[in-house]
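Engineer: Structure provided below as structure tokens; questions to follow.
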Amino acid sequence: MSNPCFCIPSKPPQEVKAGGNSGKKYGMLLDMQTQPNAFQTNLCDAPCASPLKCCVSCLFPNCTAAPWREAALNQYGHGIEDYVCCQGYIPGCCCCKFETMGRGSAACMWLEGCCCAGLSMSITRIYVMQAKQLHPDPVDYQVFFYFAWSAPAAHS
């Protein structure tokens, strides 16, 4: 399948220039580039490999983020008891401490999935990558570059 993001680099950046929570998330992605294993299906081919799951996730992201996280926690951890907000990957903001917030709570997992579907799915992907020692797919870097370029435009 050809990559629709052909104009966006698919090589990892040299450094993360983003600050805050985005910088931490993308920094983790860069740290994983030396992990030994690769995804069985690359991200660009995933929609064709599982079209129904792709369509449902695109049409109803807020309804699929929590089940995807729960499935990952069940397969690679101890189930819902391992859940914490953002899996502890994102530091807190304001008075919230995500590292301990919602520990073991299915309700919090669903709230995260409904309110922050994209972030929740990204965190689940990072969780699976760490659990299986997977290095990022080239499309992960394209997503990284897209959000790095589009974030300043969104704030102008």
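Chains: A, B, ... in order of the structure tokens. Residues: from 1 per chain. Ligands: from 1, in order shown.
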Could you pull the residues within 8 Å of Leu73 of chain A, counting only C-alpha atoms, minus those fewer than 5 positions along the same chain, as number ranges by chain?
Structural biologist: A: 78-80, 82-83
Engineer: Which residues are near segment 132-142 of chain A? Cut-off 7 Å, only C-alpha atoms, ignore same chain within fewer than 4 positions. Put them as JSON, numbers by chain.
Structural biologist: {"A": [8, 9, 10, 11, 12, 29, 32, 33, 34, 35, 36, 37, 38, 39, 42, 43, 44, 128, 146]}
Engineer: How would the residues just picked look written out with all heavy atoms as a short mmCIF file (atom, residue, chain, number, x, y, z; two decimals), in the first residue's frame?
Structural biologist:
data_model
loop_
_atom_site.label_atom_id
_atom_site.label_comp_id
_atom_site.auth_asym_id
_atom_site.auth_seq_id
_atom_site.Cartn_x
_atom_site.Cartn_y
_atom_site.Cartn_z
N ILE A 8 5.94 13.63 4.27
CA ILE A 8 6.37 13.80 5.66
C ILE A 8 7.48 12.78 5.93
O ILE A 8 7.33 11.61 5.61
CB ILE A 8 5.19 13.61 6.63
CG1 ILE A 8 4.08 14.63 6.34
CG2 ILE A 8 5.66 13.74 8.07
CD1 ILE A 8 2.83 14.43 7.17
N PRO A 9 8.58 13.19 6.53
CA PRO A 9 9.70 12.27 6.76
C PRO A 9 9.30 11.05 7.60
O PRO A 9 8.53 11.16 8.54
CB PRO A 9 10.71 13.13 7.55
CG PRO A 9 10.31 14.53 7.32
CD PRO A 9 8.85 14.53 7.03
N SER A 10 9.83 9.90 7.22
CA SER A 10 9.54 8.68 7.97
C SER A 10 10.74 8.22 8.79
O SER A 10 10.74 7.14 9.34
CB SER A 10 9.11 7.56 7.01
OG SER A 10 10.13 7.28 6.09
N LYS A 11 11.75 9.05 8.87
CA LYS A 11 12.93 8.77 9.69
C LYS A 11 12.76 9.47 11.03
O LYS A 11 12.15 10.52 11.12
CB LYS A 11 14.20 9.31 9.01
CG LYS A 11 14.44 8.72 7.64
CD LYS A 11 15.18 7.40 7.76
CE LYS A 11 15.65 6.91 6.43
NZ LYS A 11 14.91 5.81 5.90
N PRO A 12 13.33 8.91 12.10
CA PRO A 12 13.18 9.54 13.41
C PRO A 12 13.90 10.89 13.45
O PRO A 12 14.97 11.04 12.84
CB PRO A 12 13.82 8.55 14.37
CG PRO A 12 14.68 7.68 13.55
CD PRO A 12 14.09 7.67 12.18
N LEU A 29 8.85 7.76 22.44
CA LEU A 29 8.83 7.13 21.13
C LEU A 29 10.24 7.05 20.55
O LEU A 29 10.66 6.02 20.03
CB LEU A 29 7.90 7.89 20.20
CG LEU A 29 7.59 7.28 18.86
CD1 LEU A 29 6.76 6.00 19.03
CD2 LEU A 29 6.83 8.27 18.00
N MET A 32 12.48 4.39 22.04
CA MET A 32 12.15 3.02 21.66
C MET A 32 12.74 2.59 20.33
O MET A 32 12.63 1.43 19.94
CB MET A 32 10.63 2.84 21.60
CG MET A 32 9.96 2.93 22.92
SD MET A 32 8.21 2.69 22.68
CE MET A 32 7.60 3.30 24.21
N GLN A 33 13.40 3.49 19.61
CA GLN A 33 13.88 3.15 18.27
C GLN A 33 14.95 2.06 18.25
O GLN A 33 15.18 1.44 17.22
CB GLN A 33 14.35 4.40 17.53
CG GLN A 33 15.52 5.11 18.12
CD GLN A 33 15.79 6.41 17.39
OE1 GLN A 33 15.65 6.48 16.17
NE2 GLN A 33 16.16 7.44 18.12
N THR A 34 15.56 1.77 19.38
CA THR A 34 16.58 0.72 19.43
C THR A 34 16.02 -0.62 19.92
O THR A 34 16.79 -1.58 20.05
CB THR A 34 17.75 1.14 20.34
OG1 THR A 34 17.24 1.41 21.64
CG2 THR A 34 18.45 2.37 19.78
N GLN A 35 14.73 -0.68 20.18
CA GLN A 35 14.15 -1.94 20.64
C GLN A 35 14.22 -2.98 19.53
O GLN A 35 14.13 -2.65 18.35
CB GLN A 35 12.72 -1.73 21.16
CG GLN A 35 12.72 -0.81 22.37
CD GLN A 35 11.43 -0.83 23.15
OE1 GLN A 35 11.47 -1.10 24.32
NE2 GLN A 35 10.30 -0.55 22.52
N PRO A 36 14.37 -4.27 19.88
CA PRO A 36 14.71 -5.29 18.89
C PRO A 36 13.59 -5.78 17.97
O PRO A 36 13.86 -6.30 16.90
CB PRO A 36 15.21 -6.46 19.76
CG PRO A 36 14.51 -6.28 21.06
CD PRO A 36 14.37 -4.80 21.24
N ASN A 37 12.34 -5.63 18.35
CA ASN A 37 11.25 -6.26 17.59
C ASN A 37 10.48 -5.25 16.74
O ASN A 37 10.42 -4.07 17.06
CB ASN A 37 10.29 -6.97 18.55
CG ASN A 37 11.00 -8.00 19.39
OD1 ASN A 37 11.83 -8.75 18.89
ND2 ASN A 37 10.70 -8.04 20.68
N ALA A 38 9.87 -5.76 15.67
CA ALA A 38 9.06 -4.93 14.78
C ALA A 38 7.61 -5.40 14.83
O ALA A 38 7.32 -6.56 15.15
CB ALA A 38 9.58 -5.04 13.34
N PHE A 39 6.70 -4.50 14.51
CA PHE A 39 5.30 -4.86 14.42
C PHE A 39 5.09 -5.89 13.32
O PHE A 39 5.75 -5.83 12.27
CB PHE A 39 4.43 -3.62 14.11
CG PHE A 39 4.20 -2.74 15.30
CD1 PHE A 39 4.99 -1.64 15.53
CD2 PHE A 39 3.17 -3.02 16.19
CE1 PHE A 39 4.78 -0.82 16.63
CE2 PHE A 39 2.95 -2.22 17.29
CZ PHE A 39 3.75 -1.11 17.51
N ASN A 42 2.75 -3.34 9.51
CA ASN A 42 3.11 -1.95 9.69
C ASN A 42 1.85 -1.08 9.73
O ASN A 42 0.78 -1.47 9.28
CB ASN A 42 4.14 -1.48 8.64
CG ASN A 42 3.57 -1.32 7.27
OD1 ASN A 42 2.46 -0.84 7.08
ND2 ASN A 42 4.35 -1.72 6.28
N LEU A 43 2.00 0.09 10.30
CA LEU A 43 0.86 0.97 10.55
C LEU A 43 0.13 1.37 9.26
O LEU A 43 -1.09 1.51 9.25
CB LEU A 43 1.34 2.20 11.31
CG LEU A 43 0.34 3.03 12.07
CD1 LEU A 43 -0.52 2.19 12.99
CD2 LEU A 43 1.04 4.12 12.86
N CYS A 44 0.86 1.50 8.18
CA CYS A 44 0.24 1.89 6.91
C CYS A 44 -0.62 0.77 6.32
O CYS A 44 -1.62 1.04 5.66
CB CYS A 44 1.34 2.31 5.92
SG CYS A 44 0.74 3.37 4.62
N VAL A 128 1.99 -1.12 24.53
CA VAL A 128 2.22 -2.37 23.81
C VAL A 128 3.66 -2.41 23.28
O VAL A 128 4.32 -3.46 23.34
CB VAL A 128 1.19 -2.56 22.67
CG1 VAL A 128 1.56 -3.72 21.77
CG2 VAL A 128 -0.20 -2.74 23.25
N TYR A 146 3.86 15.25 11.87
CA TYR A 146 2.61 15.94 11.57
C TYR A 146 2.15 16.77 12.77
O TYR A 146 1.82 17.94 12.65
CB TYR A 146 1.52 14.95 11.16
CG TYR A 146 0.18 15.61 11.03
CD1 TYR A 146 -0.14 16.37 9.91
CD2 TYR A 146 -0.77 15.51 12.04
CE1 TYR A 146 -1.35 17.02 9.81
CE2 TYR A 146 -1.99 16.15 11.96
CZ TYR A 146 -2.28 16.90 10.84
OH TYR A 146 -3.48 17.54 10.74
#
Engineer: For a quick check of understanding, using only C-alpha atoms, which of A:Pro61, A:Pro47, A:Pro67, A:Gly27 has the smallest distance to Trp110 of chain A?
Structural biologist: A:Pro67
Engineer: So that I can check the secondary structure, give me every residue of segment 8-143 of chain A assigned alpha helix (DSSP H) by backbone DSSP, as a PyMOL selection string.
Structural biologist: chain A and resi 20-31+46-49+51-59+61-76+106-115+117-132+138-143
Engineer: Name the closest residue to Ala72 of chain A among the candidates A:Gln87, A:Thr100, A:Thr124, A:Gln40; distances are taken between atoms, counting only C-alpha atoms.
Structural biologist: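 Of A:Gln87, A:Thr100, A:Thr124, A:Gln40, the one nearest Ala72 of chain A, counting only C-alpha atoms, is A:Thr124.
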Engineer: Residues near segment 105-108 of chain A, anyone? I mean within 9 Å using only C-alpha atoms, not counting same-chain ones fewer than 5 positions away, as a PDB file with N, CA and C atoms, in the first residue's frame.
Structural biologist:
ATOM      1  N   ALA A  66     -11.034   2.815  25.120  1.00  0.00           N
ATOM      2  CA  ALA A  66     -11.004   2.061  26.387  1.00  0.00           C
ATOM      3  C   ALA A  66     -10.942   0.546  26.152  1.00  0.00           C
ATOM      4  N   GLU A  70      -8.004  -1.834  27.551  1.00  0.00           N
ATOM      5  CA  GLU A  70      -8.312  -2.981  28.401  1.00  0.00           C
ATOM      6  C   GLU A  70      -7.742  -4.278  27.810  1.00  0.00           C
ATOM      7  N   ILE A  80      -7.233  -4.801  34.392  1.00  0.00           N
ATOM      8  CA  ILE A  80      -7.635  -3.458  34.809  1.00  0.00           C
ATOM      9  C   ILE A  80      -6.873  -2.987  36.043  1.00  0.00           C
ATOM     10  N   GLU A  81      -6.413  -3.903  36.861  1.00  0.00           N
ATOM     11  CA  GLU A  81      -5.672  -3.486  38.064  1.00  0.00           C
ATOM     12  C   GLU A  81      -4.379  -2.745  37.703  1.00  0.00           C
ATOM     13  N   TYR A  83      -4.254  -0.477  35.330  1.00  0.00           N
ATOM     14  CA  TYR A  83      -4.601   0.821  34.727  1.00  0.00           C
ATOM     15  C   TYR A  83      -4.266   1.975  35.667  1.00  0.00           C
ATOM     16  N   VAL A  84      -3.654   3.007  35.111  1.00  0.00           N
ATOM     17  CA  VAL A  84      -3.564   4.332  35.721  1.00  0.00           C
ATOM     18  C   VAL A  84      -3.756   5.318  34.581  1.00  0.00           C
ATOM     19  N   CYS A  85      -4.161   6.512  34.892  1.00  0.00           N
ATOM     20  CA  CYS A  85      -4.401   7.522  33.864  1.00  0.00           C
ATOM     21  C   CYS A  85      -3.148   7.698  33.007  1.00  0.00           C
ATOM     22  N   GLY A 113     -10.757   7.374  27.755  1.00  0.00           N
ATOM     23  CA  GLY A 113     -11.031   7.004  26.372  1.00  0.00           C
ATOM     24  C   GLY A 113     -12.049   7.903  25.707  1.00  0.00           C
TER      25      GLY A 113
END
Engineer: Which one of A:Cys48, A:Cys86, A:Met28, A:Met129 sits closest to Gly102 of chain A if you count only C-alpha atoms?
Structural biologist: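 Among the listed residues, A:Cys86 lies closest to Gly102 of chain A.
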